[in-house]
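Source file: upload_6.txt (compact mmCIF, C-alpha atoms)
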```
# COMPACT_ATOMS: atom_id res chain seq x y z
CA MET A 4 15.52 -17.82 15.38
CA PRO A 5 13.74 -21.13 15.91
CA ASP A 6 15.82 -24.06 14.64
CA ARG A 7 18.27 -23.65 11.83
CA GLU A 8 15.90 -24.84 9.19
CA ARG A 9 14.60 -22.49 6.55
CA VAL A 10 10.98 -23.32 7.19
CA TYR A 11 9.22 -24.22 10.40
CA ARG A 12 5.75 -25.26 11.33
CA THR A 13 3.89 -24.08 14.41
CA GLU A 14 0.47 -23.72 15.86
CA ALA A 15 -0.29 -20.17 16.90
CA LEU A 16 -2.89 -17.93 18.48
CA ILE A 17 -3.27 -14.69 16.58
CA LEU A 18 -3.06 -11.80 19.05
CA LYS A 19 -3.17 -8.76 16.78
CA HIS A 20 -2.14 -7.42 13.43
CA SER A 21 -1.17 -4.13 11.91
CA ASP A 22 -0.80 -2.92 8.34
CA PHE A 23 2.63 -3.15 6.82
CA GLY A 24 3.84 -1.84 3.48
CA GLU A 25 1.55 -1.82 0.44
CA ALA A 26 -0.65 -4.83 1.13
CA ASP A 27 1.13 -6.81 3.86
CA ARG A 28 0.22 -7.38 7.44
CA LEU A 29 2.42 -7.67 10.49
CA VAL A 30 0.91 -10.36 12.69
CA THR A 31 1.68 -10.85 16.39
CA VAL A 32 1.10 -14.46 17.41
CA PHE A 33 1.69 -16.60 20.47
CA THR A 34 3.06 -20.09 19.93
CA PRO A 35 3.64 -23.03 22.28
CA TYR A 36 7.38 -23.44 21.62
CA TYR A 37 8.63 -20.10 20.35
CA GLY A 38 6.59 -17.83 22.62
CA LYS A 39 5.50 -14.59 21.05
CA LEU A 40 6.46 -14.01 17.42
CA ARG A 41 6.02 -11.13 15.02
CA LEU A 42 5.51 -12.47 11.54
CA LEU A 43 4.94 -10.97 8.14
CA ALA A 44 1.93 -12.03 6.08
CA LYS A 45 2.58 -10.88 2.55
CA GLY A 46 -0.38 -9.67 0.55
CA ALA A 47 -2.77 -10.36 3.42
CA ARG A 48 -4.69 -7.14 2.84
CA LYS A 49 -5.74 -8.04 -0.68
CA PRO A 50 -9.27 -9.44 -0.85
CA SER A 51 -8.02 -12.46 -2.78
CA SER A 52 -5.41 -13.37 -0.17
CA ARG A 53 -5.47 -17.04 0.72
CA LYS A 54 -4.07 -16.35 4.16
CA ALA A 55 -5.95 -13.30 5.42
CA GLY A 56 -9.03 -15.12 6.69
CA HIS A 57 -6.88 -17.65 8.49
CA LEU A 58 -5.01 -14.91 10.31
CA GLU A 59 -7.89 -13.09 11.98
CA SER A 60 -7.31 -11.94 15.56
CA PHE A 61 -8.20 -14.49 18.25
CA THR A 62 -8.17 -17.60 16.12
CA ARG A 63 -5.98 -20.65 16.53
CA THR A 64 -4.10 -21.39 13.36
CA GLN A 65 -1.56 -23.84 11.96
CA LEU A 66 1.25 -21.89 10.32
CA LEU A 67 4.11 -22.64 7.99
CA VAL A 68 6.74 -19.96 8.42
CA ALA A 69 9.82 -19.24 6.32
CA ARG A 70 12.78 -17.58 7.97
CA GLY A 71 13.35 -14.11 6.62
CA ARG A 72 16.23 -11.73 7.04
CA ASN A 73 14.47 -9.49 9.55
CA LEU A 74 10.98 -10.83 9.92
CA ASP A 75 9.89 -14.40 9.37
CA ILE A 76 7.27 -14.79 6.69
CA ILE A 77 4.03 -16.76 6.91
CA THR A 78 3.81 -18.92 3.81
CA GLN A 79 0.77 -20.99 4.69
CA ALA A 80 -2.01 -20.68 7.23
CA GLN A 81 -4.84 -22.98 8.11
CA MET A 82 -7.32 -22.06 10.80
CA VAL A 83 -7.85 -24.72 13.45
CA GLU A 84 -10.29 -23.00 15.82
CA SER A 85 -12.25 -19.89 14.95
CA TYR A 86 -13.87 -19.13 18.35
CA ALA A 87 -16.82 -18.11 16.19
CA ALA A 88 -19.15 -17.50 19.14
CA LEU A 89 -17.02 -14.70 20.53
CA ARG A 90 -17.07 -12.81 17.22
CA ARG A 91 -20.83 -12.42 17.25
CA ASP A 92 -21.02 -10.54 20.53
CA LEU A 93 -19.36 -7.19 21.15
CA TRP A 94 -19.05 -7.73 24.90
CA ARG A 95 -17.24 -11.03 24.30
CA VAL A 96 -15.02 -9.36 21.70
CA SER A 97 -13.99 -6.69 24.19
CA ASN A 98 -13.04 -9.42 26.69
CA ALA A 99 -10.96 -11.15 24.03
CA TYR A 100 -9.13 -7.89 23.34
CA TYR A 101 -8.25 -7.67 27.01
CA ILE A 102 -6.86 -11.21 26.99
CA GLY A 103 -4.95 -10.43 23.81
CA GLU A 104 -3.42 -7.28 25.26
CA LEU A 105 -2.31 -9.11 28.41
CA ALA A 106 -0.83 -11.94 26.34
CA ASP A 107 1.05 -9.43 24.21
CA ALA A 108 2.30 -7.56 27.26
CA PHE A 109 3.49 -10.65 29.15
CA GLY A 110 4.54 -12.81 26.19
CA GLU A 111 8.24 -13.01 25.53
CA GLU A 112 9.64 -13.44 22.05
CA LEU A 113 11.33 -16.75 21.39
CA ALA A 114 10.79 -18.01 24.93
CA GLU A 115 8.96 -21.31 25.12
CA ASN A 116 5.94 -21.11 27.41
CA ARG A 117 3.63 -24.01 26.75
CA PRO A 118 1.51 -23.45 29.90
CA MET A 119 0.84 -19.87 28.82
CA TYR A 120 -0.20 -21.03 25.36
CA ASP A 121 -2.59 -23.59 26.80
CA LEU A 122 -4.01 -20.99 29.16
CA LEU A 123 -4.65 -18.54 26.32
CA CYS A 124 -6.47 -21.21 24.32
CA ARG A 125 -8.62 -22.07 27.34
CA ALA A 126 -9.33 -18.42 28.09
CA LEU A 127 -10.50 -17.69 24.55
CA GLY A 128 -12.79 -20.69 24.93
CA TRP A 129 -14.18 -19.19 28.14
CA VAL A 130 -14.92 -15.81 26.63
CA SER A 131 -16.63 -17.51 23.69
CA GLU A 132 -19.01 -19.51 25.84
CA LEU A 133 -19.29 -18.72 29.52
CA PRO A 134 -22.05 -16.51 30.90
CA ASN A 135 -19.97 -14.72 33.54
CA LEU A 136 -17.01 -13.22 31.72
CA ARG A 137 -16.10 -10.87 34.52
CA GLN A 138 -15.33 -13.86 36.74
CA ALA A 139 -13.60 -15.73 33.90
CA LEU A 140 -11.22 -12.80 33.41
CA ARG A 141 -10.28 -12.84 37.09
CA VAL A 142 -9.45 -16.55 36.88
CA PHE A 143 -7.48 -15.88 33.70
CA GLU A 144 -5.48 -13.07 35.33
CA LEU A 145 -4.51 -15.26 38.29
CA ARG A 146 -3.50 -18.15 36.03
CA LEU A 147 -1.54 -15.84 33.78
CA LEU A 148 0.40 -14.40 36.73
CA ASP A 149 1.26 -17.99 37.66
CA VAL A 150 2.59 -19.00 34.25
CA VAL A 151 4.67 -15.86 33.78
CA GLY A 152 6.19 -16.00 37.24
CA TYR A 153 4.37 -13.21 39.08
CA ARG A 154 2.11 -15.30 41.31
CA PRO A 155 1.01 -13.04 44.17
CA GLU A 156 1.70 -14.36 47.68
CA LEU A 157 -1.66 -14.83 49.40
CA PHE A 158 -0.87 -17.27 52.20
CA HIS A 159 2.01 -15.65 54.07
CA CYS A 160 2.60 -12.04 54.99
CA VAL A 161 5.13 -10.57 52.54
CA GLY A 162 6.42 -8.44 55.43
CA CYS A 163 7.01 -10.85 58.32
CA LYS A 164 6.43 -14.21 56.55
CA ALA A 165 3.88 -15.26 59.18
CA ALA A 166 0.87 -17.27 58.03
CA ILE A 167 -2.07 -14.99 57.19
CA GLU A 168 -4.91 -15.17 59.76
CA PRO A 169 -8.62 -14.88 58.88
CA ASP A 170 -8.83 -11.15 59.50
CA ASP A 171 -9.03 -7.98 57.45
CA ASN A 172 -5.54 -7.96 55.97
CA TYR A 173 -3.74 -5.67 53.54
CA PHE A 174 -2.60 -6.10 49.95
CA SER A 175 0.44 -4.43 48.47
CA ALA A 176 1.02 -4.51 44.72
CA GLN A 177 4.59 -3.24 45.19
CA GLU A 178 5.49 -6.07 47.53
CA GLY A 179 3.59 -8.69 45.55
CA GLY A 180 1.14 -10.04 48.07
CA VAL A 181 -0.75 -9.90 51.31
CA LEU A 182 0.41 -8.16 54.49
CA CYS A 183 -0.82 -9.11 57.96
CA PRO A 184 -2.66 -6.35 59.89
CA ARG A 185 0.47 -5.60 61.92
CA CYS A 186 2.78 -5.15 58.90
CA GLY A 187 0.17 -3.59 56.62
CA LYS A 188 -1.29 -0.86 58.79
CA GLY A 189 -0.16 2.54 57.65
CA ARG A 190 2.24 1.02 55.11
CA GLY A 191 2.57 3.09 51.93
CA GLY A 192 0.93 1.51 48.87
CA ALA A 193 -0.96 -1.10 50.91
CA ARG A 194 -4.74 -1.30 50.74
CA THR A 195 -7.09 -3.26 52.95
CA ILE A 196 -8.40 -6.48 51.48
CA PRO A 197 -11.64 -7.84 52.93
CA LEU A 198 -11.53 -11.40 54.17
CA ALA A 199 -14.18 -12.56 51.69
CA VAL A 200 -12.11 -11.30 48.76
CA LEU A 201 -8.89 -12.85 50.01
CA LYS A 202 -10.66 -16.17 50.55
CA VAL A 203 -11.89 -16.26 46.96
CA LEU A 204 -8.48 -15.31 45.57
CA ARG A 205 -6.80 -18.04 47.61
CA HIS A 206 -9.44 -20.54 46.55
CA MET A 207 -8.88 -19.64 42.90
CA GLN A 208 -5.13 -19.98 43.25
CA THR A 209 -5.43 -23.53 44.58
CA HIS A 210 -8.39 -25.04 42.73
CA ASP A 211 -8.90 -26.09 39.13
CA ASP A 212 -10.51 -23.91 36.45
CA ALA A 213 -13.90 -25.59 36.45
CA THR A 214 -14.35 -25.12 40.20
CA CYS A 215 -13.27 -21.48 40.06
CA LEU A 216 -15.48 -20.61 37.10
CA GLN A 217 -18.53 -22.09 38.81
CA LEU A 218 -18.12 -20.23 42.10
CA ARG A 219 -21.09 -18.01 42.79
CA LEU A 220 -19.69 -14.66 43.84
CA GLN A 221 -21.26 -11.46 45.10
CA PRO A 222 -20.94 -8.59 42.60
CA SER A 223 -19.20 -6.56 45.31
CA THR A 224 -16.60 -9.31 45.83
CA LEU A 225 -15.97 -9.54 42.08
CA SER A 226 -15.67 -5.80 41.82
CA MET A 227 -13.12 -5.68 44.68
CA MET A 228 -11.14 -8.55 43.12
CA GLU A 229 -11.06 -6.67 39.87
CA GLN A 230 -9.64 -3.60 41.59
CA VAL A 231 -6.97 -5.52 43.49
CA GLN A 232 -5.90 -7.56 40.46
CA ALA A 233 -5.88 -4.54 38.16
CA GLU A 234 -3.67 -2.70 40.62
CA TYR A 235 -1.26 -5.63 40.77
CA LEU A 236 -1.17 -6.09 36.98
CA THR A 237 -0.58 -2.37 36.44
CA HIS A 238 2.28 -2.51 38.91
CA VAL A 239 3.91 -5.55 37.28
CA LEU A 240 3.51 -4.20 33.73
CA GLU A 241 4.35 -0.63 34.74
CA ARG A 242 1.55 0.67 32.58
CA ARG A 243 -2.20 0.75 32.30
CA LEU A 244 -3.83 -1.59 29.82
CA LYS A 245 -5.55 0.23 27.00
CA SER A 246 -8.34 -2.23 26.38
CA VAL A 247 -9.71 -1.82 29.93
CA GLU A 248 -11.50 1.37 29.02
CA PHE A 249 -13.40 -0.33 26.20
CA LEU A 250 -14.24 -3.21 28.51
CA HIS A 251 -15.75 -0.83 31.05
CA LEU A 252 -17.65 1.03 28.36
CA LEU A 253 -19.37 -2.10 27.10
CA ARG A 254 -19.96 -3.95 30.34
CA PRO A 255 -23.64 -4.92 30.45
CA PRO A 256 -25.38 -3.85 33.67
CA THR A 257 -25.78 -7.49 34.74
CA ALA A 258 -22.12 -8.50 34.40
CA MET B 8 31.07 15.02 11.62
CA SER B 9 28.74 13.30 9.22
CA ALA B 10 29.58 13.28 5.53
CA THR B 11 25.97 13.98 4.63
CA PRO B 12 25.02 17.66 4.28
CA ARG B 13 22.53 18.70 6.93
CA PRO B 14 19.66 19.63 4.55
CA VAL B 15 19.88 16.14 3.07
CA THR B 16 19.78 14.50 6.49
CA ARG B 17 16.75 16.58 7.34
CA LEU B 18 14.93 15.51 4.18
CA VAL B 19 15.82 11.86 4.82
CA ASP B 20 14.45 12.13 8.36
CA GLU B 21 11.20 13.70 7.17
CA LEU B 22 10.71 11.14 4.42
CA SER B 23 11.37 8.18 6.67
CA ARG B 24 8.44 9.20 8.87
CA LEU B 25 6.10 8.11 6.10
CA PRO B 26 4.62 4.62 6.40
CA GLY B 27 6.51 1.91 4.53
CA ILE B 28 9.58 4.10 4.00
CA GLY B 29 12.69 3.02 5.82
CA PRO B 30 16.02 4.87 6.06
CA LYS B 31 17.35 3.29 2.85
CA THR B 32 14.34 4.16 0.72
CA ALA B 33 14.32 7.63 2.27
CA SER B 34 17.96 8.26 1.30
CA ARG B 35 17.31 7.00 -2.22
CA LEU B 36 14.33 9.34 -2.58
CA ALA B 37 16.25 12.26 -1.14
CA TYR B 38 19.17 11.86 -3.57
CA ARG B 39 16.74 11.40 -6.42
CA LEU B 40 15.11 14.72 -5.51
CA LEU B 41 18.54 16.35 -5.35
CA ARG B 42 19.17 15.35 -8.93
CA SER B 43 15.71 16.32 -10.18
CA PRO B 44 15.11 19.64 -11.99
CA MET B 45 14.15 22.56 -9.76
CA GLU B 46 10.60 22.93 -11.14
CA GLN B 47 9.81 19.31 -10.41
CA VAL B 48 10.95 19.65 -6.81
CA LEU B 49 8.98 22.86 -6.39
CA ALA B 50 5.89 21.21 -7.87
CA LEU B 51 6.20 18.40 -5.34
CA SER B 52 6.69 20.71 -2.38
CA GLU B 53 3.78 22.86 -3.55
CA ALA B 54 1.58 19.78 -3.93
CA ILE B 55 2.46 18.65 -0.39
CA ARG B 56 1.69 22.08 1.01
CA GLN B 57 -1.63 22.33 -0.85
CA VAL B 58 -2.79 18.93 0.23
CA LYS B 59 -2.93 20.31 3.75
CA GLU B 60 -3.93 23.88 2.93
CA LEU B 61 -6.62 23.29 0.34
CA THR B 62 -8.45 20.36 1.87
CA VAL B 63 -10.95 20.26 4.70
CA LEU B 64 -12.96 17.61 6.45
CA CYS B 65 -16.53 17.68 5.22
CA SER B 66 -18.63 18.78 8.17
CA VAL B 67 -21.39 16.34 7.22
CA CYS B 68 -19.64 13.10 6.25
CA PHE B 69 -16.06 13.74 7.50
CA ASN B 70 -14.54 12.80 4.19
CA ILE B 71 -11.52 14.73 2.93
CA ALA B 72 -12.80 17.36 0.52
CA GLU B 73 -12.03 20.70 -1.10
CA ALA B 74 -15.08 22.33 0.38
CA THR B 75 -17.57 21.61 3.07
CA PRO B 76 -20.08 20.11 2.56
CA CYS B 77 -18.19 17.92 0.09
CA ALA B 78 -19.10 17.24 -3.53
CA ILE B 79 -20.99 14.07 -2.64
CA CYS B 80 -22.93 15.57 0.26
CA SER B 81 -24.00 18.58 -1.81
CA ASP B 82 -24.87 16.61 -4.97
CA PRO B 83 -28.69 16.92 -5.45
CA ASN B 84 -28.77 13.66 -7.42
CA ARG B 85 -27.68 11.51 -4.51
CA ASP B 86 -30.11 9.59 -2.38
CA THR B 87 -30.16 11.23 1.04
CA SER B 88 -32.07 8.36 2.63
CA GLN B 89 -29.04 6.06 2.60
CA ILE B 90 -25.80 6.48 4.49
CA CYS B 91 -22.87 4.17 3.89
CA VAL B 92 -20.51 4.05 6.89
CA VAL B 93 -16.82 3.45 6.11
CA GLU B 94 -13.56 3.56 8.05
CA ASP B 95 -11.38 5.72 5.78
CA PRO B 96 -11.61 8.17 2.88
CA LEU B 97 -9.93 5.54 0.70
CA ASP B 98 -12.92 3.26 1.26
CA VAL B 99 -15.19 5.94 -0.23
CA ILE B 100 -13.05 5.95 -3.36
CA ALA B 101 -13.22 2.14 -3.58
CA LEU B 102 -17.01 2.14 -3.22
CA GLU B 103 -17.45 5.02 -5.68
CA ARG B 104 -15.57 3.01 -8.30
CA THR B 105 -18.38 0.43 -8.24
CA ARG B 106 -20.96 3.10 -9.28
CA GLN B 107 -23.53 0.98 -7.48
CA PHE B 108 -24.14 3.16 -4.47
CA ARG B 109 -26.00 6.44 -4.94
CA GLY B 110 -26.45 7.42 -1.31
CA LEU B 111 -24.27 9.46 1.02
CA TYR B 112 -21.25 8.45 3.09
CA HIS B 113 -20.05 8.76 6.62
CA VAL B 114 -16.31 8.40 7.25
CA LEU B 115 -15.50 7.24 10.78
CA GLN B 116 -11.78 8.03 10.52
CA GLY B 117 -10.75 4.58 11.75
CA ALA B 118 -12.11 1.52 13.50
CA ILE B 119 -12.44 0.50 17.12
CA SER B 120 -9.13 -0.93 18.28
CA PRO B 121 -9.04 -1.28 22.07
CA VAL B 122 -5.40 -2.33 22.13
CA GLU B 123 -4.33 0.86 20.40
CA GLY B 124 -6.59 2.87 22.67
CA ILE B 125 -9.02 3.73 19.88
CA GLY B 126 -12.49 3.54 21.37
CA PRO B 127 -15.84 4.75 20.02
CA GLY B 128 -15.06 8.22 21.39
CA GLU B 129 -12.15 8.61 19.01
CA LEU B 130 -14.34 7.91 15.97
CA ARG B 131 -17.13 9.94 14.37
CA ILE B 132 -19.85 7.70 15.75
CA ALA B 133 -21.72 10.30 17.82
CA GLU B 134 -21.88 12.48 14.69
CA LEU B 135 -23.35 9.57 12.74
CA VAL B 136 -26.04 9.01 15.36
CA ALA B 137 -26.85 12.72 15.28
CA ARG B 138 -27.12 12.61 11.49
CA VAL B 139 -29.49 9.67 11.67
CA ARG B 140 -31.65 11.38 14.26
CA GLN B 141 -32.28 14.30 11.90
CA GLY B 142 -34.82 12.04 10.24
CA THR B 143 -34.14 11.92 6.49
CA VAL B 144 -32.13 8.70 6.69
CA ARG B 145 -33.90 5.39 6.22
CA GLU B 146 -30.98 3.01 5.82
CA VAL B 147 -27.51 2.89 7.37
CA LEU B 148 -25.21 0.54 5.50
CA LEU B 149 -22.24 -0.52 7.62
CA ALA B 150 -19.27 -0.98 5.29
CA THR B 151 -16.44 -1.28 7.80
CA ASN B 152 -13.71 -3.81 7.01
CA PRO B 153 -14.62 -7.48 7.44
CA ASN B 154 -12.05 -8.09 10.17
CA LEU B 155 -12.47 -8.14 13.94
CA GLU B 156 -11.94 -4.39 14.38
CA GLY B 157 -14.39 -3.59 11.60
CA GLU B 158 -16.94 -6.07 12.94
CA ALA B 159 -16.60 -4.68 16.45
CA THR B 160 -17.15 -1.17 15.09
CA ALA B 161 -20.19 -2.30 13.10
CA MET B 162 -21.67 -4.07 16.12
CA TYR B 163 -21.11 -1.02 18.29
CA ILE B 164 -22.81 1.30 15.78
CA ALA B 165 -25.71 -1.12 15.40
CA GLN B 166 -26.14 -1.01 19.19
CA GLN B 167 -26.12 2.78 19.17
CA LEU B 168 -28.73 2.92 16.42
CA ALA B 169 -31.02 0.40 18.05
CA GLY B 170 -34.25 2.17 18.87
CA THR B 171 -34.06 4.52 15.89
CA PRO B 172 -36.45 3.65 13.05
CA VAL B 173 -33.67 3.23 10.44
CA ARG B 174 -32.80 -0.03 8.75
CA VAL B 175 -29.24 -1.04 9.64
CA THR B 176 -27.54 -3.27 7.06
CA ARG B 177 -24.08 -4.78 6.79
CA LEU B 178 -22.04 -5.26 3.62
CA ALA B 179 -22.25 -8.94 2.58
CA ARG B 180 -19.36 -11.14 3.56
CA GLY B 181 -18.19 -14.18 1.68
CA LEU B 182 -15.87 -15.40 -1.01
CA PRO B 183 -13.81 -12.93 -3.02
CA VAL B 184 -13.82 -12.86 -6.82
CA GLY B 185 -10.77 -14.76 -8.01
CA GLY B 186 -10.63 -16.65 -4.74
CA ASP B 187 -10.37 -20.35 -4.17
CA LEU B 188 -12.80 -22.38 -2.07
CA GLU B 189 -10.02 -24.68 -0.95
CA TYR B 190 -8.17 -21.82 0.72
CA ALA B 191 -11.18 -20.18 2.34
CA ASP B 192 -11.20 -20.02 6.11
CA GLU B 193 -14.13 -21.39 8.06
CA ILE B 194 -15.46 -18.00 9.18
CA THR B 195 -15.68 -16.71 5.61
CA LEU B 196 -17.07 -19.96 4.29
CA ALA B 197 -19.71 -20.14 7.01
CA GLN B 198 -20.76 -16.58 6.20
CA ALA B 199 -20.84 -17.36 2.49
CA LEU B 200 -23.13 -20.31 3.17
CA GLU B 201 -25.35 -18.21 5.40
CA GLY B 202 -25.62 -15.47 2.79
CA ARG B 203 -26.22 -17.75 -0.21
CA ARG B 204 -28.57 -16.53 -2.94
CA GLU B 205 -31.06 -18.02 -5.37
CA MET B 206 -29.57 -18.33 -8.89
```
Target encoding structure tokens, full file:
Amino acid sequence: MPDRERVYRTEALILKHSDFGEADRLVTVFTPYYGKLRLLAKGARKPSSRKAGHLESFTRTQLLVARGRNLDIITQAQMVESYAALRRDLWRVSNAYYIGELADAFGEELAENRPMYDLLCRALGWVSELPNLRQALRVFELRLLDVVGYRPELFHCVGCKAAIEPDDNYFSAQEGGVLCPRCGKGRGGARTIPLAVLKVLRHMQTHDDATCLQLRLQPSTLSMMEQVQAEYLTHVLERRLKSVEFLHLLRPPTA
Amino acid sequence: MSATPRPVTRLVDELSRLPGIGPKTASRLAYRLLRSPMEQVLALSEAIRQVKELTVLCSVCFNIAEATPCAICSDPNRDTSQICVVEDPLDVIALERTRQFRGLYHVLQGAISPVEGIGPGELRIAELVARVRQGTVREVLLATNPNLEGEATAMYIAQQLAGTPVRVTRLARGLPVGGDLEYADEITLAQALEGRREM
């Protein structure tokens, strides 16, 4: 467990919680230095709990945690950032759930990952404010793959290592990147990736957030990116994400 | 070979499936039952059997009841123009204790939780919309829990009811009785300010 001290202090993003025992709550959080943690919030389901409100999903909170025998126990909580704007809009909420599920799936317990923490904070900011959440999620997915070590190879063919030419190439989730037309044709599990889509993905991999979020993309390009990235994420995680269905159900016709 | 007789192991296994009961508590309960008089054990097993056999889901409000429609839905003294929407049967009991609400209920059987794969389709939302469309309802009071799942559920239902002539209301949110302003979080406090009342 973190340190040897009996109590430790950490900032945390609340990812999810579930009921535990009579009136307790099991809270899954992501922290900058301890990675993902599962903590116990005693009495958090009572209306008079002093912690419950500070432990709502998708808020950034300052925690004081006491080491327990099995689970560490949250003794104090003070909300730092409520992302209030996302709570008022169901479409934004569904996007936050998707981010939360990905963070939970990729987060490792007790493994420091400061870049991932910073990314999650930024991403919750995006889904609270930005108009084009579909694009924001694509940027988030690419960044997340970077910080957890699954960055897809988009510049060299994962088959023959040759530089990728501006052509209609192939993408293989199994092999983790792009295949040149010669290697990709007829290869099992490889799908064609239009040049326009590959260009945007490469641009997003090499430019900063602000530039990527402001790109004006065709709906068809975004839709293709979503398919390719979903396929890759499903392959890496070896399962389908549950919150995707809800996301699709709520997507406004304009997004 | 295990030293524990097989019937005891079986009981321990069954008990430890219950929420909040771990293997230790389960063993303690099992040995306690072993020592209890026969009639007490039979009464318990009978009660467990009956709770499944003698209850039904009310076909109108989806609350757990002895008959369908349930006692509340068939009570002529209740106001049929109001429906209070809750997540679980236990919420009905909590609201009934207040004796403030005289309308009918609708139990969703949960709340939207995308991460657990619980979407609107898994809840009794379509049935609620159908109930509202029958025309006697004038107000739908959304009393889902004041957390993100409950709010998401309430927002979704409000969207589904948009375009129907009913008034859709939400249970007030704010500071709890016995609470402490100093410990209130900013979401609650902001909502308490928003919902302030004349004294």
Exercise: residues within 12 Å of coordinate (-19.1, -19.4, 5.8), counting only C-alpha atoms, as a PyMOL selection string | (chain A and resi 56+85+87) or (chain B and resi 179-182+188+191-203)
If you count all atoms listed in the file, the residue of A:Ala108, A:Ala44, A:Val151, A:Met207 closest to chain B turns out to be A:Ala108
Residues of chain B within 10 Å of chain A, all atoms listed in the file counted, as JSON, numbers by chain | {"B": [26, 27, 28, 119, 120, 121, 122, 123, 124, 125, 126, 127, 128, 153, 154, 155, 156, 158, 159, 160, 161, 162, 163, 166, 182, 183, 184, 185, 186, 187, 188, 189, 190, 191, 192, 193, 194, 195, 196, 197]}
For atom CA of A:Glu241 and atom CA of A:Gly187, quote the distance in Å rounded to one decimal.
->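 The value is 22.5 Å.
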Pick the closest to A:Pro197 from A:Cys163, A:Leu225, A:Cys215, A:Leu42: which is it, counting only C-alpha atoms?
->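 The answer is A:Leu225, which sits nearest to A:Pro197.
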As a check of understanding: the span from atom CA of A:Phe143 to atom CA of A:Ile102 is 8.2 Å
Near B:Leu61, within 12 Å and counting all atoms listed in the file, which residues show up once chain neighbours fewer than 5 positions away are dropped, as number ranges by chain?
-> B: 53-56, 71-75
Go through A:Phe109, A:Tyr11, A:Phe33, A:Tyr120 and flag the residue nearest A:Ala69, using all atoms listed in the file for the distances.
-> A:Tyr11
Which of these, A:Lys39, A:Arg9, A:Arg190, A:Arg205, has the shortest distance to A:Phe158 once you count all atoms listed in the file?
->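 Among A:Lys39, A:Arg9, A:Arg190, A:Arg205, it is A:Arg205 that comes nearest to A:Phe158.
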Find the residues around A:Met227 up to 12 Å (all atoms listed in the file counted), leave out those fewer than 6 positions away in its own chain, and share them as a ChimeraX atom specification.
-> /A:137-138,141,174,194-201,203-204,220-221,233-234
Identify the residues around (12.3, -20.4, 7.0) within a radius of 9 Å, measuring from only C-alpha atoms in the coordinates stated by the file, and give them as a list in words.
->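 I get Arg7, Glu8, Arg9, Val10, Tyr11, Leu67, Val68, Ala69, Arg70, Gly71, Asp75 and Ile76 of chain A for the residues within 9 Å of that point.
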If we count all atoms listed in the file, what is near A:His210 at a cut-off of 12 Å, once residues fewer than 6 positions away on the same chain are taken out, given as a count of residues only?
-> 8
Neighbour list for stretch 144-147 of chain B as a count of residues only, cut-off 8 Å, all atoms listed in the file, skip fewer than 4 positions in-chain | 13
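If you look at atom CA of A:Cys186 and atom CA of A:Val231, they are 18.2 Å away from each other.
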All residues 7 Å or closer to A:Val181, all atoms listed in the file, same chain fewer than 4 positions away omitted, as a ChimeraX atom specification | /A:156-157,159-161,172-175
Selection above as a file: C-alpha atoms, as a PDB file, keeping the file's coordinate frame:
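The file below, part35.pdb, is the result:
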```
ATOM      1  CA  GLU A 156       1.700 -14.360  47.680  1.00  0.00           C
ATOM      2  CA  LEU A 157      -1.660 -14.830  49.400  1.00  0.00           C
ATOM      3  CA  HIS A 159       2.010 -15.650  54.070  1.00  0.00           C
ATOM      4  CA  CYS A 160       2.600 -12.040  54.990  1.00  0.00           C
ATOM      5  CA  VAL A 161       5.130 -10.570  52.540  1.00  0.00           C
ATOM      6  CA  ASN A 172      -5.540  -7.960  55.970  1.00  0.00           C
ATOM      7  CA  TYR A 173      -3.740  -5.670  53.540  1.00  0.00           C
ATOM      8  CA  PHE A 174      -2.600  -6.100  49.950  1.00  0.00           C
ATOM      9  CA  SER A 175       0.440  -4.430  48.470  1.00  0.00           C
TER      10      SER A 175
END
```
Proximity to A:Gln177 - best of A:Tyr235, A:Trp129, A:Tyr153, A:Tyr36, all atoms listed in the file |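 Under the stated criterion, the closest residue is A:Tyr235.
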Nearest candidate to B:Leu135 (options B:Lys59, B:Arg204, B:Arg104, B:His113; using all atoms listed in the file) |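 Nearest to B:Leu135: B:His113.
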